[in-house]
>>> print(open('run_17.txt').read())   # compact mmCIF, C-alpha atoms
# COMPACT_ATOMS: atom_id res chain seq x y z
CA MET R 1 -10.31 8.50 20.89
CA THR R 2 -8.15 7.45 17.94
CA ARG R 3 -9.87 7.44 14.55
CA LEU R 4 -10.08 4.15 12.71
CA HIS R 5 -7.77 3.71 9.73
CA VAL R 6 -9.04 1.48 6.93
CA ALA R 7 -7.02 0.65 3.83
CA VAL R 8 -8.61 0.39 0.42
CA VAL R 9 -6.40 -1.69 -1.86
CA GLY R 10 -6.76 -2.61 -5.50
CA ALA R 11 -5.32 -2.24 -8.95
CA GLY R 12 -3.72 0.94 -10.19
CA GLU R 13 -5.27 0.14 -13.56
CA ALA R 14 -8.84 -0.63 -12.58
CA THR R 15 -12.01 -1.32 -14.52
CA ASP R 16 -14.85 1.20 -14.50
CA GLU R 17 -16.78 -1.13 -12.19
CA GLN R 18 -13.86 -1.34 -9.73
CA VAL R 19 -13.43 2.45 -9.80
CA ALA R 20 -17.12 2.97 -9.03
CA ALA R 21 -16.99 0.41 -6.21
CA ALA R 22 -13.85 1.92 -4.68
CA GLU R 23 -15.41 5.37 -4.71
CA VAL R 24 -18.42 4.05 -2.78
CA VAL R 25 -16.13 2.25 -0.32
CA GLY R 26 -14.08 5.41 0.27
CA ALA R 27 -17.18 7.58 0.75
CA THR R 28 -18.77 5.09 3.13
CA LEU R 29 -15.63 4.80 5.24
CA ALA R 30 -15.16 8.58 5.42
CA ALA R 31 -18.82 9.19 6.28
CA ALA R 32 -18.29 6.91 9.28
CA GLY R 33 -15.26 8.96 10.37
CA ALA R 34 -12.51 6.56 9.28
CA VAL R 35 -9.24 7.69 7.72
CA VAL R 36 -8.84 6.11 4.28
CA VAL R 37 -5.33 4.75 3.67
CA CYS R 38 -4.14 3.55 0.27
CA GLY R 39 -1.12 3.29 -2.00
CA GLY R 40 -1.71 6.86 -3.14
CA LEU R 41 -1.65 6.37 -6.90
CA GLY R 42 -4.36 5.80 -9.55
CA GLY R 43 -7.18 3.36 -10.24
CA VAL R 44 -8.81 1.95 -7.11
CA MET R 45 -6.56 4.09 -4.92
CA ALA R 46 -7.59 7.38 -6.55
CA ALA R 47 -11.25 6.37 -6.60
CA ALA R 48 -11.25 5.50 -2.89
CA CYS R 49 -9.62 8.85 -2.09
CA ARG R 50 -12.04 10.73 -4.33
CA GLY R 51 -14.97 9.03 -2.60
CA ALA R 52 -13.54 9.79 0.84
CA LYS R 53 -13.00 13.45 -0.03
CA SER R 54 -16.58 13.72 -1.38
CA ALA R 55 -17.76 12.66 2.09
CA GLY R 56 -15.46 15.12 3.88
CA GLY R 57 -12.91 12.49 4.92
CA THR R 58 -9.17 12.36 5.39
CA THR R 59 -6.93 10.35 3.06
CA VAL R 60 -3.40 9.02 3.39
CA GLY R 61 -1.32 7.77 0.47
CA ILE R 62 1.67 5.52 1.15
CA LEU R 63 3.65 6.01 -2.04
CA PRO R 64 6.14 3.60 -3.62
CA GLY R 65 8.47 6.35 -4.88
CA THR R 66 10.40 9.21 -3.36
CA SER R 67 8.20 12.11 -4.47
CA ARG R 68 5.04 13.20 -2.65
CA ALA R 69 4.05 14.93 -5.89
CA ASP R 70 3.25 11.48 -7.35
CA ALA R 71 0.17 11.17 -5.13
CA ASN R 72 -3.26 11.38 -6.70
CA GLU R 73 -5.03 14.72 -6.27
CA TRP R 74 -7.34 13.42 -3.50
CA VAL R 75 -4.56 12.39 -1.10
CA ASP R 76 -4.36 14.69 1.93
CA ILE R 77 -1.24 13.21 3.47
CA ALA R 78 1.31 11.77 1.04
CA ILE R 79 4.10 9.64 2.47
CA ALA R 80 6.89 8.97 -0.02
CA THR R 81 8.63 5.76 1.06
CA GLY R 82 11.05 4.97 -1.77
CA LEU R 83 10.25 1.31 -1.03
CA GLY R 84 8.50 0.31 -4.26
CA GLU R 85 6.20 -2.64 -3.65
CA GLY R 86 7.60 -2.87 -0.11
CA ARG R 87 5.29 0.00 0.76
CA ASN R 88 2.42 -2.53 0.65
CA ALA R 89 3.50 -3.74 4.08
CA ILE R 90 3.21 -0.22 5.49
CA VAL R 91 -0.24 0.28 3.96
CA VAL R 92 -1.67 -2.76 5.74
CA ARG R 93 0.27 -2.42 9.00
CA ASP R 94 -1.07 1.09 9.67
CA VAL R 95 -4.73 0.07 9.53
CA ASP R 96 -7.47 -1.59 11.56
CA ALA R 97 -9.01 -3.33 8.52
CA VAL R 98 -8.55 -3.66 4.76
CA VAL R 99 -11.05 -3.55 1.91
CA ALA R 100 -9.72 -5.18 -1.26
CA VAL R 101 -11.46 -4.06 -4.45
CA GLY R 102 -10.58 -6.32 -7.37
CA GLY R 103 -6.85 -6.22 -7.77
CA ALA R 104 -3.79 -7.79 -9.26
CA TYR R 105 -0.59 -9.15 -7.70
CA GLY R 106 0.11 -6.03 -5.62
CA THR R 107 -3.34 -6.40 -4.08
CA LEU R 108 -2.65 -10.07 -3.45
CA SER R 109 0.52 -9.14 -1.56
CA GLU R 110 -1.39 -6.61 0.55
CA ILE R 111 -4.05 -9.21 1.37
CA ALA R 112 -1.39 -11.74 2.40
CA LEU R 113 0.53 -9.23 4.51
CA ALA R 114 -2.65 -8.06 6.23
CA LEU R 115 -3.79 -11.60 7.01
CA ARG R 116 -0.35 -12.50 8.33
CA ALA R 117 -0.52 -9.46 10.64
CA GLY R 118 -4.00 -10.38 11.85
CA VAL R 119 -5.66 -7.44 10.08
CA PRO R 120 -9.15 -8.35 8.85
CA VAL R 121 -9.64 -8.27 5.08
CA VAL R 122 -13.00 -7.67 3.40
CA GLY R 123 -13.10 -8.36 -0.33
CA TRP R 124 -15.25 -6.98 -3.11
CA ARG R 125 -14.70 -9.17 -6.19
CA THR R 126 -11.12 -9.83 -5.22
CA TRP R 127 -8.87 -12.83 -4.68
CA GLN R 128 -10.26 -15.96 -3.04
CA LEU R 129 -7.52 -18.10 -1.54
CA THR R 130 -6.90 -21.47 0.01
CA ASP R 131 -3.97 -22.49 2.14
CA PRO R 132 -1.74 -25.47 1.22
CA SER R 133 -4.14 -27.88 2.94
CA GLY R 134 -7.04 -26.61 0.81
CA ASP R 135 -8.80 -24.66 3.57
CA TRP R 136 -10.24 -21.27 2.61
CA VAL R 137 -8.28 -18.26 3.81
CA PRO R 138 -10.48 -15.82 5.76
CA ILE R 139 -11.16 -13.01 3.30
CA ILE R 140 -14.67 -11.80 4.09
CA PRO R 141 -16.53 -11.49 0.77
CA GLU R 142 -19.12 -8.77 0.18
CA ASP R 143 -21.09 -8.23 -3.03
CA ASP R 144 -22.03 -4.61 -2.30
CA PRO R 145 -19.28 -1.95 -2.00
CA ALA R 146 -21.05 0.00 0.77
CA GLU R 147 -21.58 -3.22 2.72
CA ALA R 148 -17.90 -4.10 2.25
CA ALA R 149 -17.00 -0.79 3.90
CA GLN R 150 -19.50 -1.33 6.72
CA THR R 151 -18.19 -4.85 7.35
CA ALA R 152 -14.62 -3.54 7.49
CA LEU R 153 -15.70 -0.89 9.98
CA ARG R 154 -17.36 -3.51 12.21
CA PHE R 155 -14.19 -5.61 12.21
CA ALA R 156 -11.98 -2.54 12.74
CA ARG R 157 -13.96 -1.60 15.83
CA GLY R 158 -13.35 -5.09 17.20
>>> encode(input="run_17.txt", output="structure tokens")
Amino acid sequence: MTRLHVAVVGAGEATDEQVAAAEVVGATLAAAGAVVVCGGLGGVMAAACRGAKSAGGTTVGILPGTSRADANEWVDIAIATGLGEGRNAIVVRDVDAVVAVGGAYGTLSEIALALRAGVPVVGWRTWQLTDPSGDWVPIIPEDDPAEAAQTALRFARG
């Protein structure tokens, strides 16, 4: 059986609250046996990886640059793409679900790319969007980081 892959996306420069939430998300995902995929750098990405490693999980960092050495210290598998922000498409295309923790414009792009690909997105205090007709875009909101991870796992399992 193939292990689930769940991306944790969010700002590289995160607040303390976002870092704490991402760490819980990463730990919860890893405890359930999922591989945690992220952009491999700091902030939410590092916190999710740190949480996953604390729960004995596996982490993958899809890096924007050309050096695997740029990955945060909790990344097990660093993939240097040299694609800059284009790596956001790879992050969300590899996974079965996405958890967005806070975030800025890079996170917004990952949410949009995931939704376009049909990948479910669970949000913890992240973007809320409407389409041009004013209908809400289906980002599943969760107020609790552990519940956000559990919801992503349920959607990832289908």
>>> closest_atom_pairs(input="run_17.txt", of="range 90-114 of chain R", to="range 58-61 of chain R", cutoff="12 Å", atoms="only C-alpha atoms", output="Markdown table")
| residue | atom | partner | partner_atom | distance |
| --- | --- | --- | --- | --- |
| R:Ile90 | CA | R:Gly61 | CA | 10.5 |
| R:Val91 | CA | R:Gly61 | CA | 8.3 |
| R:Val92 | CA | R:Gly61 | CA | 11.8 |
| R:Asp94 | CA | R:Val60 | CA | 10.4 |
| R:Val95 | CA | R:Val60 | CA | 10.9 |
>>> residues_around(input="run_17.txt", residues="range 18-27 of chain R", least_positions_apart="2", cutoff="7 Å", atoms="only C-alpha atoms", output="VMD selection string")
chain R and resid 14 to 16 29 to 31 36 43 to 44 47 to 52 54 to 55 101 to 102 145 to 146 149
>>> closest_residue(input="run_17.txt", among="R:Leu115, R:Ala71, R:Ala156, R:Ala104", to="Val137 in chain R", atoms="only C-alpha atoms")
R:Leu115
>>> closest_residue(input="run_17.txt", among="R:Pro141, R:Gly86, R:Gly118, R:Pro64", to="Gly39 in chain R", atoms="all atoms listed in the file")
R:Pro64
>>> residues_around(input="run_17.txt", residues="Ala114 in chain R", least_positions_apart="5", cutoff="12 Å", atoms="all atoms listed in the file", output="JSON list (two decimals) with C-alpha atoms, keeping the file's coordinate frame")
[["chain", "number", "residue", "atom", "x", "y", "z"],
["R", 6, "VAL", "CA", -9.04, 1.48, 6.93],
["R", 7, "ALA", "CA", -7.02, 0.65, 3.83],
["R", 8, "VAL", "CA", -8.61, 0.39, 0.42],
["R", 9, "VAL", "CA", -6.40, -1.69, -1.86],
["R", 88, "ASN", "CA", 2.42, -2.53, 0.65],
["R", 89, "ALA", "CA", 3.50, -3.74, 4.08],
["R", 90, "ILE", "CA", 3.21, -0.22, 5.49],
["R", 91, "VAL", "CA", -0.24, 0.28, 3.96],
["R", 92, "VAL", "CA", -1.67, -2.76, 5.74],
["R", 93, "ARG", "CA", 0.27, -2.42, 9.00],
["R", 94, "ASP", "CA", -1.07, 1.09, 9.67],
["R", 95, "VAL", "CA", -4.73, 0.07, 9.53],
["R", 96, "ASP", "CA", -7.47, -1.59, 11.56],
["R", 97, "ALA", "CA", -9.01, -3.33, 8.52],
["R", 98, "VAL", "CA", -8.55, -3.66, 4.76],
["R", 99, "VAL", "CA", -11.05, -3.55, 1.91],
["R", 100, "ALA", "CA", -9.72, -5.18, -1.26],
["R", 107, "THR", "CA", -3.34, -6.40, -4.08],
["R", 108, "LEU", "CA", -2.65, -10.07, -3.45],
["R", 109, "SER", "CA", 0.52, -9.14, -1.56],
["R", 119, "VAL", "CA", -5.66, -7.44, 10.08],
["R", 120, "PRO", "CA", -9.15, -8.35, 8.85],
["R", 121, "VAL", "CA", -9.64, -8.27, 5.08],
["R", 122, "VAL", "CA", -13.00, -7.67, 3.40],
["R", 137, "VAL", "CA", -8.28, -18.26, 3.81],
["R", 138, "PRO", "CA", -10.48, -15.82, 5.76],
["R", 139, "ILE", "CA", -11.16, -13.01, 3.30]]
>>> closest_residue(input="run_17.txt", among="R:Leu4, R:Ile111, R:Cys38, R:Ala117", to="Arg87 in chain R", atoms="all atoms listed in the file")
R:Cys38
>>> axis_aligned_box(input="run_17.txt", around="range 44-62 of chain R", padding_each_side="3 Å", output="AutoDock Vina command-line options")
--center_x -8.0 --center_y 8.5 --center_z -0.9 --size_x 25.4 --size_y 19.2 --size_z 18.5
>>> closest_residue(input="run_17.txt", among="R:Leu83, R:Ala34, R:Ile62, R:Met45", to="His5 in chain R", atoms="all atoms listed in the file")
R:Ala34
>>> closest_residue(input="run_17.txt", among="R:Gly84, R:Leu63, R:Asp143, R:Ser133", to="Val37 in chain R", atoms="only C-alpha atoms")
R:Leu63
>>> atom_distance(input="run_17.txt", atom1="CA of Leu129 in chain R", atom2="CA of Gly158 in chain R")
23.5 Å
>>> closest_residue(input="run_17.txt", among="R:Gly82, R:Gly42, R:Gly33, R:Gly103", to="Arg125 in chain R", atoms="all atoms listed in the file")
R:Gly103
>>> atom_distance(input="run_17.txt", atom1="CA of Asp144 in chain R", atom2="CA of Thr126 in chain R")
12.4 Å
>>> residues_near_point(input="run_17.txt", point="(3.0, 15.0, 5.6)", cutoff="10 Å", atoms="only C-alpha atoms", output="number ranges by chain")
R: 60-61, 68, 76-80
